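Engineer: Just work11.cif, nothing more (mmCIF, C-alpha atoms):
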data_coords
loop_
_atom_site.label_atom_id
_atom_site.label_comp_id
_atom_site.auth_asym_id
_atom_site.auth_seq_id
_atom_site.Cartn_x
_atom_site.Cartn_y
_atom_site.Cartn_z
CA MET I 1 131.60 129.16 81.64
CA LYS I 2 130.80 125.86 83.35
CA ARG I 3 128.33 125.17 80.61
CA ILE I 4 130.95 125.49 77.86
CA TYR I 5 133.25 123.06 79.75
CA LYS I 6 130.43 120.53 80.06
CA ILE I 7 129.56 120.73 76.35
CA THR I 8 133.24 120.47 75.36
CA LEU I 9 133.71 117.47 77.64
CA LEU I 10 130.60 115.78 76.21
CA VAL I 11 131.71 116.36 72.59
CA GLY I 12 135.21 115.08 73.44
CA ILE I 13 133.88 111.86 75.01
CA THR I 14 131.58 111.31 72.00
CA ILE I 15 134.50 111.71 69.57
CA LEU I 16 136.69 109.42 71.67
CA VAL I 17 134.05 106.65 71.85
CA SER I 18 133.12 106.82 68.16
CA SER I 19 136.75 106.81 67.00
CA CYS I 20 137.40 103.49 68.71
CA HIS I 21 134.92 101.61 66.50
CA ASN I 22 136.45 99.74 63.57
CA ASN I 23 133.97 98.66 60.88
CA SER I 24 136.41 96.21 59.27
CA ALA I 25 136.77 94.21 62.51
CA PRO I 26 133.33 93.22 63.87
CA ASN I 27 132.61 92.52 67.49
CA TYR I 28 133.48 89.26 69.16
CA GLN I 29 131.31 86.32 68.14
CA TYR I 30 130.05 83.57 70.39
CA PHE I 31 130.41 80.26 68.49
CA PRO I 32 131.72 81.80 65.25
CA ASN I 33 131.12 78.55 63.30
CA MET I 34 127.41 79.24 63.61
CA TYR I 35 127.87 82.45 61.59
CA GLU I 36 130.70 81.51 59.23
CA SER I 37 130.09 77.93 58.20
CA VAL I 38 132.51 75.82 56.26
CA GLY I 39 131.42 75.77 52.63
CA TYR I 40 131.41 72.45 50.78
CA GLU I 41 131.24 72.17 47.02
CA THR I 42 128.44 69.99 45.70
CA TYR I 43 129.63 66.45 44.90
CA SER I 44 133.12 67.14 46.23
CA GLU I 45 134.98 64.79 48.54
CA ALA I 46 134.77 65.56 52.24
CA SER I 47 135.84 63.29 55.06
CA VAL I 48 133.07 64.49 57.39
CA PHE I 49 130.34 62.83 55.32
CA LYS I 50 129.43 59.17 54.99
CA GLY I 51 131.24 57.62 52.04
CA GLY I 52 133.42 60.71 51.66
CA LYS I 53 130.94 62.44 49.32
CA GLU I 54 129.24 65.74 50.02
CA GLY I 55 126.14 64.97 47.93
CA GLN I 56 124.04 62.58 50.03
CA LEU I 57 120.79 60.80 49.29
CA PRO I 58 117.80 61.77 51.43
CA VAL I 59 116.94 59.64 54.44
CA GLU I 60 114.77 56.58 53.74
CA GLY I 61 111.08 57.49 53.79
CA THR I 62 111.66 61.21 53.14
CA ILE I 63 109.02 62.97 51.05
CA ASN I 64 109.12 66.40 49.42
CA ARG I 65 107.39 69.31 51.11
CA GLY I 66 103.86 69.59 49.81
CA PHE I 67 103.92 66.07 48.32
CA GLU I 68 100.81 64.02 48.95
CA PRO I 69 101.48 60.27 48.87
CA TYR I 70 99.32 58.29 46.45
CA GLU I 71 98.75 54.74 47.66
CA TYR I 72 97.90 53.11 44.32
CA GLU I 73 100.79 51.73 42.28
CA ASN I 74 101.44 52.44 38.63
CA SER I 75 100.16 49.14 37.22
CA THR I 76 97.03 47.63 35.74
CA ALA I 77 96.10 46.27 39.16
CA GLY I 78 96.60 49.74 40.70
CA TYR I 79 94.40 51.22 37.97
CA GLU I 80 91.62 48.71 38.64
CA LEU I 81 91.83 49.30 42.40
CA ALA I 82 91.67 53.08 41.90
CA LYS I 83 88.76 52.65 39.51
CA THR I 84 86.68 50.74 42.06
CA ASN I 85 87.81 52.20 45.40
CA LEU I 86 89.13 55.74 44.95
CA LYS I 87 86.63 58.52 45.73
CA SER I 88 86.94 62.26 45.31
CA PRO I 89 87.53 64.39 48.43
CA LEU I 90 85.88 67.44 46.78
CA THR I 91 83.02 69.22 48.48
CA GLN I 92 79.83 70.12 46.61
CA GLU I 93 80.96 73.75 46.28
CA GLU I 94 84.27 72.71 44.73
CA ARG I 95 82.49 70.39 42.29
CA SER I 96 80.28 73.22 41.04
CA SER I 97 83.20 75.59 40.45
CA GLU I 98 84.47 76.52 36.98
CA LYS I 99 88.08 75.76 37.90
CA GLY I 100 87.84 72.16 36.58
CA LYS I 101 86.69 73.44 33.20
CA GLU I 102 89.52 75.98 33.08
CA LEU I 103 92.12 73.32 33.84
CA PHE I 104 90.58 70.92 31.30
CA GLU I 105 90.80 73.63 28.64
CA ILE I 106 94.46 74.20 29.42
CA TYR I 107 95.72 70.62 29.71
CA CYS I 108 93.22 68.24 28.06
CA ILE I 109 91.26 69.94 25.29
CA SER I 110 94.04 69.74 22.69
CA CYS I 111 93.79 65.93 22.60
CA HIS I 112 90.37 65.04 24.04
CA GLY I 113 88.36 67.86 22.45
CA ALA I 114 86.02 70.38 24.03
CA SER I 115 83.22 67.85 24.51
CA GLY I 116 85.41 64.88 25.41
CA ASN I 117 84.80 63.13 22.10
CA GLY I 118 88.50 62.48 21.42
CA LYS I 119 88.64 64.95 18.51
CA GLY I 120 90.98 67.65 19.76
CA LYS I 121 93.25 69.79 17.58
CA LEU I 122 96.19 67.40 17.86
CA VAL I 123 93.99 64.47 16.81
CA GLU I 124 92.54 66.43 13.89
CA ARG I 125 96.07 67.26 12.71
CA GLU I 126 97.00 63.58 13.16
CA LYS I 127 99.72 64.25 15.75
CA PHE I 128 98.07 61.67 18.03
CA LEU I 129 95.73 58.94 16.93
CA GLY I 130 93.36 56.73 18.86
CA VAL I 131 92.30 59.14 21.60
CA PRO I 132 89.04 57.58 22.81
CA SER I 133 85.78 59.36 23.46
CA TYR I 134 84.70 59.49 27.09
CA LYS I 135 81.33 57.95 26.23
CA ASP I 136 83.09 54.81 24.88
CA ARG I 137 84.97 54.23 28.16
CA VAL I 138 83.90 52.88 31.51
CA ILE I 139 85.50 55.50 33.73
CA THR I 140 85.10 56.60 37.33
CA GLU I 141 86.52 59.56 39.21
CA GLY I 142 89.16 57.23 40.66
CA SER I 143 90.27 55.91 37.26
CA ILE I 144 90.47 59.43 35.83
CA PHE I 145 92.56 60.63 38.78
CA HIS I 146 94.83 57.58 38.44
CA VAL I 147 95.40 58.22 34.72
CA GLU I 148 96.09 61.91 35.37
CA THR I 149 98.60 60.93 38.05
CA TYR I 150 100.51 58.21 36.18
CA GLY I 151 99.43 58.51 32.56
CA LEU I 152 98.14 55.71 30.33
CA ASN I 153 99.24 54.56 26.88
CA ALA I 154 100.27 57.67 24.88
CA MET I 155 99.00 60.06 27.56
CA GLY I 156 101.72 61.14 29.95
CA SER I 157 101.43 61.95 33.62
CA HIS I 158 100.05 65.34 34.59
CA ALA I 159 101.16 65.08 38.22
CA ASN I 160 103.93 67.63 37.62
CA GLN I 161 101.58 70.21 36.13
CA LEU I 162 98.54 69.72 38.36
CA SER I 163 98.29 69.37 42.11
CA ALA I 164 96.19 66.53 43.53
CA HIS I 165 93.33 68.96 44.19
CA GLU I 166 93.44 70.24 40.61
CA ARG I 167 93.46 66.68 39.24
CA TRP I 168 90.32 65.96 41.25
CA LEU I 169 88.69 69.07 39.77
CA VAL I 170 89.56 67.89 36.25
CA ALA I 171 88.27 64.38 37.00
CA ASP I 172 84.97 65.85 38.16
CA TYR I 173 84.70 67.94 35.00
CA VAL I 174 85.47 64.90 32.80
CA LEU I 175 82.59 63.03 34.44
CA LYS I 176 80.32 66.01 33.68
CA LEU I 177 81.42 65.86 30.03
CA LYS I 178 80.79 62.11 29.92
CA SER I 179 77.24 62.57 31.18
CA GLN I 180 76.57 65.13 28.41
CA LEU I 181 77.74 62.87 25.55
#
As structure tokens, please, write out the structure in this file.
Structural biologist:
Amino acid sequence: MKRIYKITLLVGITILVSSCHNNSAPNYQYFPNMYESVGYETYSEASVFKGGKEGQLPVEGTINRGFEPYEYENSTAGYELAKTNLKSPLTQEERSSEKGKELFEIYCISCHGASGNGKGKLVEREKFLGVPSYKDRVITEGSIFHVETYGLNAMGSHANQLSAHERWLVADYVLKLKSQL
């Protein structure tokens, strides 16, 4: 009989404790502003921000995550400096990989041609004219990287499509093509 009383008492306490919980009202929060922040609409006016605007410019000197600064400027002087001074950081194993060829075939072959002679499909169809052959140019790995980064003449920048490492791989492959012409 004592056992039945104990079980009944235990079930009663369990029901009493579980019935006091209210799912619609959560527990107390310490510093509730940390959990439920004030939402601001983009470009709306808000007195807490400098100038009264929510949309702020980044702090001076801020760079994007993953961005690698490139110290040569987008000018003829920057091109000449890159041509003479800029050297590839690739190791010998990376230079011998096929990745540079793959990237060249994706991004460059349509204008420059498979052998680098300037006779790609777009040139043959007269969409672009005057794409030079690599053998006619005095190019270095630094000048190729600079042109891939900023673009030159009708060629646009490929910095958005290719990372700095990938641009170095393509530059290395272009030099291999130049030596075969």
Engineer: Could you tell me how far CA of Tyr150 (chain I) sits from CA of Glu73 (chain I), in Å to one decimal place?
Structural biologist: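 Computing it gives 8.9 Å between the two atoms.
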Engineer: In Å, how far is it from CA of Asp172 (chain I) to CA of Pro89 (chain I)?
Structural biologist: 10.7 Å
Engineer: Going by the chain IDs and residue numbers used in this file, which residues fall under the PyMOL selection byres ((chain I and resi 72) around 12)? Write them as a CSV table (one decimal) with C-alpha atoms, in the frame of the given file.
Structural biologist:
chain,number,residue,atom,x,y,z
I,69,PRO,CA,101.5,60.3,48.9
I,70,TYR,CA,99.3,58.3,46.4
I,71,GLU,CA,98.8,54.7,47.7
I,73,GLU,CA,100.8,51.7,42.3
I,74,ASN,CA,101.4,52.4,38.6
I,75,SER,CA,100.2,49.1,37.2
I,76,THR,CA,97.0,47.6,35.7
I,77,ALA,CA,96.1,46.3,39.2
I,78,GLY,CA,96.6,49.7,40.7
I,79,TYR,CA,94.4,51.2,38.0
I,80,GLU,CA,91.6,48.7,38.6
I,81,LEU,CA,91.8,49.3,42.4
I,82,ALA,CA,91.7,53.1,41.9
I,83,LYS,CA,88.8,52.6,39.5
I,84,THR,CA,86.7,50.7,42.1
I,85,ASN,CA,87.8,52.2,45.4
I,86,LEU,CA,89.1,55.7,45.0
I,142,GLY,CA,89.2,57.2,40.7
I,143,SER,CA,90.3,55.9,37.3
I,145,PHE,CA,92.6,60.6,38.8
I,146,HIS,CA,94.8,57.6,38.4
I,147,VAL,CA,95.4,58.2,34.7
I,149,THR,CA,98.6,60.9,38.0
I,150,TYR,CA,100.5,58.2,36.2
Engineer: Which residue, I:Trp168, I:Ala114, I:Pro58, I:Met155, has the smallest gap to Gln180 (chain I) when you use all atoms listed in the file?
Structural biologist: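 Once distances to Gln180 (chain I) are computed over all atoms listed in the file, the minimum belongs to I:Ala114.
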Engineer: What residues come out when you apply the PyMOL selection byres ((chain I and resi 164) around 10) to this file, written as JSON, numbers by chain?
Structural biologist: {"I": [67, 68, 69, 70, 145, 148, 149, 158, 159, 160, 161, 162, 163, 165, 166, 167, 168, 169, 170]}
Engineer: Interatomic distance between CA of Phe128 (chain I) and CA of Lys99 (chain I)?
Structural biologist: 26.3 Å
Engineer: Within 6 Å of Gly118 (chain I), counting all atoms listed in the file, which residues qualify if same-chain residues fewer than 4 places away don't, as a list of chain:residue names?
Structural biologist: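 Here the answer would be I:His112, I:Gly113, I:Val131, I:Pro132, I:Ser133.
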Engineer: Go through the shown structure with the PyMOL selection byres ((chain I and resi 44) around 8) and write out the matching residues as a PyMOL selection string.
Structural biologist: chain I and resi 40-43+45-46+53-55
Engineer: Between I:Ile7, I:Met1, I:Arg125, I:Ser47, which one has atoms that come closest to Ser110 (chain I), using only C-alpha atoms?
Structural biologist: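 Using only C-alpha atoms, Ser110 (chain I) sits closest to I:Arg125.
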Engineer: Using only C-alpha atoms, give me every residue within 7 Å of (84.9, 60.9, 33.6) in file coordinates, as a PyMOL selection string.
Structural biologist: chain I and resi 134+139-141+144+171-172+174-176+178
Engineer: Print the selection's residues with C-alpha atoms to a file, as a short mmCIF file (atom, residue, chain, number, x, y, z; two decimals), in the frame of the given file.
Structural biologist:
data_model
loop_
_atom_site.label_atom_id
_atom_site.label_comp_id
_atom_site.auth_asym_id
_atom_site.auth_seq_id
_atom_site.Cartn_x
_atom_site.Cartn_y
_atom_site.Cartn_z
CA TYR I 134 84.70 59.49 27.09
CA ILE I 139 85.50 55.50 33.73
CA THR I 140 85.10 56.60 37.33
CA GLU I 141 86.52 59.56 39.21
CA ILE I 144 90.47 59.43 35.83
CA ALA I 171 88.27 64.38 37.00
CA ASP I 172 84.97 65.85 38.16
CA VAL I 174 85.47 64.90 32.80
CA LEU I 175 82.59 63.03 34.44
CA LYS I 176 80.32 66.01 33.68
CA LYS I 178 80.79 62.11 29.92
#
